[in-house]
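A.B. asks: Here it is: the structure, laid out below.
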Amino acid sequence: MTPEQPDSRPSVSPAEETNRPGAAASGRRRRLLLVVAGATVAVAATGAALSLHDGGSAPAADFCWSLAPQSEPADDGSLRACGDALETAATGRPAGSTAPEEAVRHTDEQARMFKKIVTSYGAQAPDGEEVPVEIAPQMANVLAHFHQDVHQVLGRTSRSASAGDPEVPHTALTAFMRSVSAEDDAFRTTYRSQLREVSREIDGLTKEELTRAPGGADDRARAVVERSGSVIGGLVQARDDALKAALDGEPDSATEEKLAENYEKNGYPRLRHLLHAHASKVGVPADELADTGGRMGDLTGWTSSAYRSA
């Protein structure tokens, strides 16, 4: 083995290294790189802090706060705080409050705020934006508080305007609901509030109304089932659209499975069951509970047609 030879290169002192040609420039480059790296880290940290402070994207938060009654963002200025502010302004109650099942009389200001929120986030609004997922639960709670108004709009019920009536266009409401329905719990909140309205109306039908057509033009049972079909059909369609958007790029089989689940669980089969279960409860004979033929067949057909046309 050859013995290790001592390093024959001349040693260089720190002073000589500094004075070596090009050393100063090299040092300056190193210092510049350190400064740039430090600045990059600082900017990244600041961006992360802003993102955490904002609770979402800044443009989404800015748009949300532009709808709030107060001129300046409250609390931490986050999207969630804004969602709470919008909910309280529209409902007149603390954010997160359970919506009452009975009809609620809203003030003119609350009705105006509801309409402003829906039309601003609805696709038909000039500056429309999708509802951020961070505030979907609050927006669903707003819909639940205005459950009677939502029911009338989705059911395409004609009515005269009165105090506290938001008069929200059907197109704006359905567009707003599509955005809200992208979040699972938000959809369930909206759906449950409307299912209660549908059940209440169906449960109000008498045996006579379900077994015999009225002599005049006023067929209350037909109006109820058609309105119910439009409401449930609109809700399920909104959820379908949200699911399709969320599953974009996924295999077709995955999308079809989700849509089928939504239909079976929330769609026409559930509505048909509500109608037939109530008819059976009030004494409609089992042999008359058919999808075609007879009075119940007509009512079931009108329900299906309204559902599919929603």
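Following the order of the structure tokens, chains are lettered A, B, ..., residues in each are numbered from 1, and ligands are numbered from 1.
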Pick out the residues sitting within 7 Å of segment 154-157 of chain A, and hand them over as a short mmCIF file (atom, residue, chain, number, x, y, z; two decimals) with N, CA and C atoms, in the first residue's frame; count only C-alpha atoms, and ignore anything fewer than 2 positions along from it in its own chain.
C.D. replies:
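This is the output file part_24.cif:
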```cif
data_model
loop_
_atom_site.label_atom_id
_atom_site.label_comp_id
_atom_site.auth_asym_id
_atom_site.auth_seq_id
_atom_site.Cartn_x
_atom_site.Cartn_y
_atom_site.Cartn_z
N VAL A 150 -88.58 29.35 0.21
CA VAL A 150 -87.89 28.44 -0.70
C VAL A 150 -88.87 27.44 -1.29
N HIS A 151 -89.77 26.93 -0.45
CA HIS A 151 -90.76 25.95 -0.89
C HIS A 151 -91.67 26.55 -1.97
N GLN A 152 -92.08 27.77 -1.78
CA GLN A 152 -92.98 28.41 -2.74
C GLN A 152 -92.27 28.70 -4.06
N ARG A 159 -97.94 33.91 -5.99
CA ARG A 159 -98.37 34.59 -4.78
C ARG A 159 -98.20 36.09 -4.96
N HIS A 170 -86.56 32.24 -9.40
CA HIS A 170 -86.35 30.79 -9.39
C HIS A 170 -84.95 30.43 -9.89
N ARG A 227 -96.60 20.44 -6.67
CA ARG A 227 -95.66 21.32 -5.96
C ARG A 227 -94.59 20.48 -5.27
N SER A 228 -95.00 19.39 -4.66
CA SER A 228 -94.04 18.51 -3.98
C SER A 228 -93.03 17.93 -4.96
N SER A 230 -92.06 19.27 -7.80
CA SER A 230 -91.16 20.33 -8.24
C SER A 230 -90.10 20.64 -7.19
N VAL A 231 -90.51 20.66 -5.92
CA VAL A 231 -89.58 20.99 -4.84
C VAL A 231 -88.51 19.90 -4.70
N GLY A 234 -86.27 19.72 -7.73
CA GLY A 234 -85.29 20.80 -7.77
C GLY A 234 -84.13 20.57 -6.83
#
```
A.B. asks: Out of segment 63-166 of chain A, which residues get alpha helix (DSSP H) from DSSP, as a short mmCIF file (atom, residue, chain, number, x, y, z; two decimals) with N, CA, C and O atoms, in the first residue's frame?
C.D. replies:
```cif
data_model
loop_
_atom_site.label_atom_id
_atom_site.label_comp_id
_atom_site.auth_asym_id
_atom_site.auth_seq_id
_atom_site.Cartn_x
_atom_site.Cartn_y
_atom_site.Cartn_z
N PHE A 63 -65.31 39.15 -1.33
CA PHE A 63 -66.65 39.16 -1.94
C PHE A 63 -67.72 38.92 -0.88
O PHE A 63 -68.75 39.60 -0.85
N CYS A 64 -67.46 37.97 0.00
CA CYS A 64 -68.41 37.66 1.07
C CYS A 64 -68.65 38.87 1.96
O CYS A 64 -69.80 39.25 2.23
N TRP A 65 -67.56 39.51 2.39
CA TRP A 65 -67.70 40.66 3.29
C TRP A 65 -68.36 41.85 2.60
O TRP A 65 -68.95 42.71 3.25
N SER A 66 -68.27 41.89 1.27
CA SER A 66 -68.93 42.99 0.55
C SER A 66 -70.45 42.90 0.65
O SER A 66 -71.15 43.89 0.41
N LEU A 67 -70.95 41.72 1.00
CA LEU A 67 -72.40 41.53 1.14
C LEU A 67 -72.88 41.79 2.56
O LEU A 67 -74.08 41.97 2.79
N LEU A 79 -63.55 33.78 6.13
CA LEU A 79 -64.78 33.41 5.42
C LEU A 79 -65.83 32.89 6.39
O LEU A 79 -67.01 33.21 6.27
N ARG A 80 -65.40 32.07 7.33
CA ARG A 80 -66.38 31.50 8.28
C ARG A 80 -67.03 32.60 9.12
O ARG A 80 -68.23 32.56 9.38
N ALA A 81 -66.23 33.57 9.54
CA ALA A 81 -66.80 34.69 10.30
C ALA A 81 -67.78 35.47 9.43
O ALA A 81 -68.83 35.93 9.90
N CYS A 82 -67.47 35.60 8.15
CA CYS A 82 -68.37 36.29 7.23
C CYS A 82 -69.66 35.50 7.05
O CYS A 82 -70.75 36.07 7.03
N GLY A 83 -69.53 34.18 6.92
CA GLY A 83 -70.72 33.34 6.80
C GLY A 83 -71.64 33.50 8.00
O GLY A 83 -72.87 33.58 7.86
N ASP A 84 -71.04 33.56 9.19
CA ASP A 84 -71.83 33.77 10.41
C ASP A 84 -72.54 35.13 10.36
O ASP A 84 -73.71 35.25 10.75
N ALA A 85 -71.81 36.14 9.88
CA ALA A 85 -72.39 37.49 9.82
C ALA A 85 -73.57 37.54 8.85
O ALA A 85 -74.61 38.14 9.13
N LEU A 86 -73.42 36.89 7.69
CA LEU A 86 -74.50 36.88 6.71
C LEU A 86 -75.71 36.10 7.24
O LEU A 86 -76.86 36.52 7.05
N GLU A 87 -75.44 34.97 7.89
CA GLU A 87 -76.55 34.17 8.43
C GLU A 87 -77.34 34.97 9.46
O GLU A 87 -78.58 35.00 9.43
N THR A 88 -76.64 35.61 10.38
CA THR A 88 -77.31 36.40 11.42
C THR A 88 -78.10 37.56 10.82
O THR A 88 -79.22 37.85 11.25
N ALA A 89 -77.52 38.20 9.81
CA ALA A 89 -78.20 39.34 9.19
C ALA A 89 -79.49 38.90 8.49
O ALA A 89 -80.48 39.63 8.49
N ALA A 90 -79.48 37.71 7.90
CA ALA A 90 -80.66 37.24 7.17
C ALA A 90 -81.72 36.62 8.07
O ALA A 90 -82.92 36.72 7.80
N THR A 91 -81.28 35.97 9.15
CA THR A 91 -82.24 35.26 10.00
C THR A 91 -82.64 36.04 11.24
O THR A 91 -83.67 35.75 11.86
N ASP A 108 -88.46 43.22 6.80
CA ASP A 108 -88.10 43.65 5.44
C ASP A 108 -86.59 43.59 5.24
O ASP A 108 -86.11 43.21 4.17
N GLU A 109 -85.83 43.99 6.26
CA GLU A 109 -84.38 44.01 6.15
C GLU A 109 -83.83 42.59 6.01
O GLU A 109 -82.90 42.34 5.23
N GLN A 110 -84.39 41.65 6.78
CA GLN A 110 -83.95 40.26 6.67
C GLN A 110 -84.28 39.69 5.29
O GLN A 110 -83.47 38.97 4.69
N ALA A 111 -85.46 40.02 4.78
CA ALA A 111 -85.85 39.55 3.45
C ALA A 111 -84.93 40.12 2.38
O ALA A 111 -84.54 39.42 1.44
N ARG A 112 -84.58 41.39 2.52
CA ARG A 112 -83.66 42.01 1.55
C ARG A 112 -82.29 41.35 1.61
O ARG A 112 -81.65 41.14 0.56
N MET A 113 -81.82 41.03 2.82
CA MET A 113 -80.52 40.38 2.95
C MET A 113 -80.55 38.98 2.34
O MET A 113 -79.60 38.57 1.66
N PHE A 114 -81.63 38.25 2.56
CA PHE A 114 -81.77 36.92 1.96
C PHE A 114 -81.69 37.01 0.44
O PHE A 114 -80.95 36.25 -0.21
N LYS A 115 -82.43 37.93 -0.13
CA LYS A 115 -82.43 38.09 -1.58
C LYS A 115 -81.05 38.51 -2.08
O LYS A 115 -80.57 38.02 -3.12
N LYS A 116 -80.39 39.39 -1.34
CA LYS A 116 -79.06 39.86 -1.73
C LYS A 116 -78.06 38.71 -1.75
O LYS A 116 -77.25 38.58 -2.68
N ILE A 117 -78.10 37.87 -0.73
CA ILE A 117 -77.18 36.74 -0.65
C ILE A 117 -77.42 35.77 -1.80
O ILE A 117 -76.49 35.36 -2.50
N VAL A 118 -78.68 35.40 -2.00
CA VAL A 118 -79.02 34.41 -3.02
C VAL A 118 -78.69 34.91 -4.42
O VAL A 118 -78.06 34.20 -5.22
N THR A 119 -79.09 36.13 -4.73
CA THR A 119 -78.85 36.63 -6.09
C THR A 119 -77.39 36.96 -6.34
O THR A 119 -76.91 36.85 -7.47
N SER A 120 -76.66 37.36 -5.29
CA SER A 120 -75.24 37.68 -5.46
C SER A 120 -74.42 36.43 -5.72
O SER A 120 -73.48 36.45 -6.51
N TYR A 121 -74.76 35.35 -5.04
CA TYR A 121 -74.03 34.10 -5.24
C TYR A 121 -74.64 33.25 -6.36
O TYR A 121 -74.01 32.33 -6.85
N ALA A 136 -70.84 27.19 3.28
CA ALA A 136 -72.02 26.45 2.82
C ALA A 136 -72.96 26.08 3.97
O ALA A 136 -74.18 26.19 3.83
N PRO A 137 -72.44 25.64 5.14
CA PRO A 137 -73.36 25.31 6.24
C PRO A 137 -74.20 26.51 6.69
O PRO A 137 -75.39 26.36 6.98
N GLN A 138 -73.58 27.69 6.76
CA GLN A 138 -74.34 28.88 7.17
C GLN A 138 -75.39 29.24 6.13
O GLN A 138 -76.51 29.63 6.46
N MET A 139 -75.03 29.11 4.85
CA MET A 139 -75.98 29.45 3.80
C MET A 139 -77.14 28.45 3.76
O MET A 139 -78.28 28.81 3.48
N ALA A 140 -76.84 27.19 4.08
CA ALA A 140 -77.91 26.19 4.16
C ALA A 140 -78.85 26.51 5.31
O ALA A 140 -80.07 26.33 5.21
N ASN A 141 -78.29 27.02 6.40
CA ASN A 141 -79.13 27.38 7.54
C ASN A 141 -80.02 28.58 7.20
O ASN A 141 -81.15 28.68 7.68
N VAL A 142 -79.51 29.47 6.36
CA VAL A 142 -80.34 30.59 5.90
C VAL A 142 -81.51 30.05 5.08
O VAL A 142 -82.67 30.47 5.27
N LEU A 143 -81.24 29.11 4.19
CA LEU A 143 -82.31 28.50 3.39
C LEU A 143 -83.33 27.80 4.28
O LEU A 143 -84.54 27.84 4.01
N ALA A 144 -82.84 27.17 5.34
CA ALA A 144 -83.75 26.47 6.26
C ALA A 144 -84.64 27.46 7.01
O ALA A 144 -85.82 27.18 7.27
N HIS A 145 -84.11 28.62 7.37
CA HIS A 145 -84.91 29.64 8.05
C HIS A 145 -85.97 30.23 7.12
O HIS A 145 -87.04 30.65 7.57
N HIS A 147 -87.55 28.52 4.86
CA HIS A 147 -88.04 27.29 4.24
C HIS A 147 -89.35 27.48 3.50
O HIS A 147 -89.57 26.88 2.44
N GLN A 148 -90.23 28.30 4.02
CA GLN A 148 -91.52 28.49 3.35
C GLN A 148 -91.35 29.25 2.04
O GLN A 148 -91.96 28.89 1.02
N ASP A 149 -90.50 30.26 2.04
CA ASP A 149 -90.25 31.01 0.81
C ASP A 149 -89.57 30.14 -0.24
O ASP A 149 -89.92 30.17 -1.42
N VAL A 150 -88.58 29.35 0.21
CA VAL A 150 -87.89 28.44 -0.70
C VAL A 150 -88.87 27.44 -1.29
O VAL A 150 -88.85 27.13 -2.49
N HIS A 151 -89.77 26.93 -0.45
CA HIS A 151 -90.76 25.95 -0.89
C HIS A 151 -91.67 26.55 -1.97
O HIS A 151 -91.96 25.89 -2.98
N GLN A 152 -92.08 27.77 -1.78
CA GLN A 152 -92.98 28.41 -2.74
C GLN A 152 -92.27 28.70 -4.06
O GLN A 152 -92.85 28.56 -5.14
N VAL A 153 -91.00 29.11 -3.97
CA VAL A 153 -90.25 29.41 -5.20
C VAL A 153 -89.96 28.13 -5.98
O VAL A 153 -90.18 28.05 -7.19
N LEU A 154 -89.46 27.10 -5.29
CA LEU A 154 -89.16 25.84 -5.96
C LEU A 154 -90.44 25.18 -6.49
O LEU A 154 -90.42 24.54 -7.55
#
```
A.B. asks: Applying 9 Å and only C-alpha atoms, which residues near Arg239 of chain A remain after dropping the ones on its own chain fewer than 4 positions away? List them as a PyMOL selection string.
C.D. replies: chain A and resi 177-182+187+234-235+243-244+259+262
A.B. asks: Go ahead and dump the residues you just picked, N, CA and C atoms, as a PDB file, in the first residue's frame.
C.D. replies:
```pdb
ATOM      1  N   MET A 177     -78.577  27.156  -4.740  1.00  0.00           N
ATOM      2  CA  MET A 177     -78.685  25.841  -4.100  1.00  0.00           C
ATOM      3  C   MET A 177     -77.678  24.849  -4.661  1.00  0.00           C
ATOM      4  N   ARG A 178     -77.348  24.961  -5.935  1.00  0.00           N
ATOM      5  CA  ARG A 178     -76.340  24.066  -6.513  1.00  0.00           C
ATOM      6  C   ARG A 178     -75.003  24.238  -5.801  1.00  0.00           C
ATOM      7  N   SER A 179     -74.627  25.481  -5.528  1.00  0.00           N
ATOM      8  CA  SER A 179     -73.366  25.733  -4.831  1.00  0.00           C
ATOM      9  C   SER A 179     -73.414  25.221  -3.401  1.00  0.00           C
ATOM     10  N   VAL A 180     -74.508  25.499  -2.710  1.00  0.00           N
ATOM     11  CA  VAL A 180     -74.642  25.062  -1.315  1.00  0.00           C
ATOM     12  C   VAL A 180     -74.645  23.538  -1.226  1.00  0.00           C
ATOM     13  N   SER A 181     -75.255  22.874  -2.209  1.00  0.00           N
ATOM     14  CA  SER A 181     -75.413  21.415  -2.175  1.00  0.00           C
ATOM     15  C   SER A 181     -74.113  20.660  -2.381  1.00  0.00           C
ATOM     16  N   ALA A 182     -73.036  21.364  -2.704  1.00  0.00           N
ATOM     17  CA  ALA A 182     -71.746  20.691  -2.878  1.00  0.00           C
ATOM     18  C   ALA A 182     -71.219  20.158  -1.551  1.00  0.00           C
ATOM     19  N   PHE A 187     -76.304  20.257   2.217  1.00  0.00           N
ATOM     20  CA  PHE A 187     -77.411  19.713   1.429  1.00  0.00           C
ATOM     21  C   PHE A 187     -78.448  19.059   2.334  1.00  0.00           C
ATOM     22  N   GLY A 234     -86.269  19.717  -7.728  1.00  0.00           N
ATOM     23  CA  GLY A 234     -85.289  20.804  -7.766  1.00  0.00           C
ATOM     24  C   GLY A 234     -84.128  20.572  -6.826  1.00  0.00           C
ATOM     25  N   LEU A 235     -84.426  20.062  -5.635  1.00  0.00           N
ATOM     26  CA  LEU A 235     -83.371  19.780  -4.657  1.00  0.00           C
ATOM     27  C   LEU A 235     -82.429  18.687  -5.149  1.00  0.00           C
ATOM     28  N   LEU A 243     -72.704  17.063  -7.469  1.00  0.00           N
ATOM     29  CA  LEU A 243     -71.953  15.804  -7.484  1.00  0.00           C
ATOM     30  C   LEU A 243     -71.186  15.637  -8.794  1.00  0.00           C
ATOM     31  N   LYS A 244     -71.816  15.985  -9.900  1.00  0.00           N
ATOM     32  CA  LYS A 244     -71.144  15.871 -11.201  1.00  0.00           C
ATOM     33  C   LYS A 244     -69.908  16.763 -11.254  1.00  0.00           C
ATOM     34  N   LEU A 259     -75.071   9.358  -8.253  1.00  0.00           N
ATOM     35  CA  LEU A 259     -76.339   9.914  -8.721  1.00  0.00           C
ATOM     36  C   LEU A 259     -77.491   8.956  -8.426  1.00  0.00           C
ATOM     37  N   ASN A 262     -78.322   9.196  -4.781  1.00  0.00           N
ATOM     38  CA  ASN A 262     -79.061  10.427  -4.497  1.00  0.00           C
ATOM     39  C   ASN A 262     -80.525  10.282  -4.906  1.00  0.00           C
TER      40      ASN A 262
END
```
A.B. asks: Counting only C-alpha atoms, which of A:Glu183, A:Leu271, A:Glu101, A:Ser193 gets nearest to Ala245 of chain A?
C.D. replies: A:Glu183
A.B. asks: To one decimal place in Å, what is the distance between atom CA of Gly77 of chain A and atom CA of Ala238 of chain A?
C.D. replies: 29.6 Å
A.B. asks: Rank A:Ala246, A:Leu274, A:Pro214, A:Tyr263 by their smallest atom-to-atom distance to Val198 of chain A, using only C-alpha atoms, and report the top residue only.
C.D. replies: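 Of the candidates, the smallest distance to Val198 of chain A is held by A:Leu274.
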A.B. asks: Which value, in Å to one decimal, gives the distance between atom CA of Phe146 of chain A and atom CA of Glu129 of chain A?
C.D. replies: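 Going from atom CA of Phe146 of chain A over to atom CA of Glu129 of chain A covers 21.2 Å.
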A.B. asks: At a cut-off of 10 Å, using only C-alpha atoms, what residues contact Arg222 of chain A? Leave out same-chain residues fewer than 4 positions from it and give the result as number ranges by chain.
C.D. replies: A: 209-210, 213, 218, 226-228, 298-303
A.B. asks: Each residue of segment 107-193 of chain A lying at most 12 Å from segment 264-269 of chain A should get a row with its shortest atom-to-atom pair and the distance in Å to one decimal, counting only C-alpha atoms; could you produce that, ordered by chain and increasing number, as CSV?
C.D. replies:
```
residue,atom,partner,partner_atom,distance
A:Phe187,CA,A:Asn266,CA,10.7
A:Arg188,CA,A:Asn266,CA,9.7
A:Thr190,CA,A:Asn266,CA,11.8
A:Tyr191,CA,A:Asn266,CA,8.2
A:Arg192,CA,A:Asn266,CA,9.8
```
A.B. asks: Would you compute the distance between atom CA of Ala58 of chain A and atom CA of Ser78 of chain A? Give it in Å to one decimal.
C.D. replies: 8.7 Å
